[in-house]
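> I'd like to ask you about the structure that follows.
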Amino acid sequence: MFRHGVKAGIAIAIGYAPVALTFGLLAKSTGLSIIETTLMSIIVFAGAAQYISLNLISLGTGAFEIIFTTFILNIRHFLMSASLNEKVEHDALWKKALYAFGITDETFSVAAMKEGTVSASYMFGLIFISYSSWVVNSAIGHVVGAYLPENVQLSLSVALYAMFVGLLVPAIKTEQKALWLAISSGLINCILLLWLHVPKGWAIVISTILSAIFVQWAMERRKETTYAQ
């Protein structure tokens, strides 16, 4: 079953390659060493969290704010793990804890769509190929970045913001909530930074939480009003 997991994860590994390479390039332009870049991919293994961490690091944000922000960003993993636990075969807790580390949006989707139950060996194979691609290509991206001209390396910092815009636009097209989240979090962040002079790291954390609460509350109120009519 390990072999079947590896086979199922090949497509994920191929998809991770360009994203991980870009992460390595941006990590180099942010000032991270190859050891720091590779360790982040080894320990964190979460694309969106690692990208936003680079942004926070470039802003000089403190460690606690970075950890808290990425925790909020990855809180969906609790739901994915709980859902997948209903599908996996009964196994030792340490095995489940080990492969739970490798659950991402992509590995979860592949495992969840597999017919029948999912074994630990299948999960280990699926995660092994995906994880290896992410870590190795992150390191390669950093090495390649070291040989780029200095002006190109400096311009890569703009690519980080372009990537976030690229993630936001498709989400806005499919769900209106994403647009209101972006607008409200941006406004709250501006108020916290410009008028209340809250440190950048905490401004991001607070604006993220408040905008999520406000937009969800507004959506629920809108539903209640619609049903009442």
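By order in the structure tokens, chains are A, B, ...; within a chain, residues start at 1; ligands start at 1, following the order shown.
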Quick one: DSSP helix (DSSP H, G or I) residues in region 114-157 of chain A, as a PyMOL selection string?
chain A and resi 120-146+150-157
> Counting only C-alpha atoms, what is within 10 Å of Ile72 (chain A), bar same-chain residues fewer than 2 positions away, as number ranges by chain?
A: 49, 67-70, 74-76, 205, 208-209
> Could you name the residues that touch region 173-178 of chain A at 10 Å or less, counting only C-alpha atoms, but leaving out those on the same chain fewer than 6 positions away, as a PyMOL selection string?
chain A and resi 184+212+215-216+218-219
> Of the residues A:Glu115, A:Thr104, A:Leu187, A:Leu196, which is the one nearest to Trp134 (chain A), using only C-alpha atoms?
A:Thr104
> Work out how far CA of Ile127 (chain A) is from CA of Tyr16 (chain A), in Å to one decimal.
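It comes out at 12.1 Å.
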> Kindly indicate which residue among A:Ser81, A:Gly102, A:Asn189, A:Val88 lies nearest to Gly116 (chain A), using only C-alpha atoms for the distances.
A:Val88
> Find the distance between CA of Phe101 (chain A) and CA of Leu210 (chain A) and write it in Å to one decimal.
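CA of Leu210 (chain A) lies at a distance of 28.4 Å from CA of Phe101 (chain A).
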> Give me, as a list in words, all polymer residues having an atom no more than 10 Å from Lys95 (chain A), counting only C-alpha atoms and skipping those fewer than 3 positions away in the same chain.
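With the cut-off at 10 Å, the set is Asp91, Ala92, Leu98, Tyr99, Ala100, Ala120, Ser121, Met123 and Phe124 of chain A.
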> Report as number ranges by chain all protein, DNA and RNA residues lying within 9 Å of Phe128 (chain A), evaluated on only C-alpha atoms, omitting residues in the same chain fewer than 3 positions from it.
A: 5-6, 9, 102, 123-125, 131-133
> Quick one: of A:Ala13, A:Ser53, A:Ala46, A:Phe71, who's nearest to Thr30 (chain A), counting only C-alpha atoms?
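Looking at the shortest contact to Thr30 (chain A), the residue is A:Ser53.
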> What does the distance from CA of Ser109 (chain A) to CA of Leu93 (chain A) come to in Å, to one decimal?
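We find that CA of Ser109 (chain A) and CA of Leu93 (chain A) lie 21.7 Å from each other.
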> At a cut-off of 12 Å, using only C-alpha atoms, what residues contact Gly47 (chain A)? Leave out same-chain residues fewer than 5 positions from it and give the result as a ChimeraX atom specification.
/A:15-24,40-42,52-54,70,73-74,102-106,130-131,134-135,138,163-164
> Within 10 Å of Ser83 (chain A), counting only C-alpha atoms, which residues show up once you throw out same-chain ones fewer than 6 positions away? Write them as a PDB file with all heavy atoms, in the first residue's frame, please.

ATOM      1  N   HIS A  77      -6.772  22.601   9.542  1.00  0.00           N
ATOM      2  CA  HIS A  77      -6.176  21.265   9.609  1.00  0.00           C
ATOM      3  C   HIS A  77      -6.825  20.417  10.700  1.00  0.00           C
ATOM      4  O   HIS A  77      -6.815  19.182  10.607  1.00  0.00           O
ATOM      5  CB  HIS A  77      -4.663  21.370   9.844  1.00  0.00           C
ATOM      6  CG  HIS A  77      -3.910  21.780   8.621  1.00  0.00           C
ATOM      7  ND1 HIS A  77      -3.231  20.882   7.818  1.00  0.00           N
ATOM      8  CD2 HIS A  77      -3.749  22.995   8.031  1.00  0.00           C
ATOM      9  CE1 HIS A  77      -2.671  21.520   6.816  1.00  0.00           C
ATOM     10  NE2 HIS A  77      -2.969  22.805   6.923  1.00  0.00           N
ATOM     11  N   PHE A 108      -4.896  15.612   1.716  1.00  0.00           N
ATOM     12  CA  PHE A 108      -6.215  15.321   2.297  1.00  0.00           C
ATOM     13  C   PHE A 108      -7.217  14.998   1.188  1.00  0.00           C
ATOM     14  O   PHE A 108      -7.993  14.043   1.303  1.00  0.00           O
ATOM     15  CB  PHE A 108      -6.707  16.517   3.107  1.00  0.00           C
ATOM     16  CG  PHE A 108      -8.163  16.419   3.495  1.00  0.00           C
ATOM     17  CD1 PHE A 108      -8.567  15.594   4.535  1.00  0.00           C
ATOM     18  CD2 PHE A 108      -9.122  17.153   2.796  1.00  0.00           C
ATOM     19  CE1 PHE A 108      -9.919  15.499   4.881  1.00  0.00           C
ATOM     20  CE2 PHE A 108     -10.461  17.063   3.134  1.00  0.00           C
ATOM     21  CZ  PHE A 108     -10.857  16.233   4.179  1.00  0.00           C
ATOM     22  N   ALA A 112      -9.064  11.518   0.894  1.00  0.00           N
ATOM     23  CA  ALA A 112     -10.508  11.548   1.124  1.00  0.00           C
ATOM     24  C   ALA A 112     -11.286  10.978  -0.054  1.00  0.00           C
ATOM     25  O   ALA A 112     -12.356  10.383   0.129  1.00  0.00           O
ATOM     26  CB  ALA A 112     -10.960  12.982   1.404  1.00  0.00           C
TER      27      ALA A 112
END
> Name the closest residue to Ile183 (chain A) among the candidates A:Ile14, A:Trp94, A:Ser33, A:Ser207; distances are taken between atoms, counting only C-alpha atoms.
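Among the listed residues, the smallest separation from Ile183 (chain A) belongs to A:Ser207.
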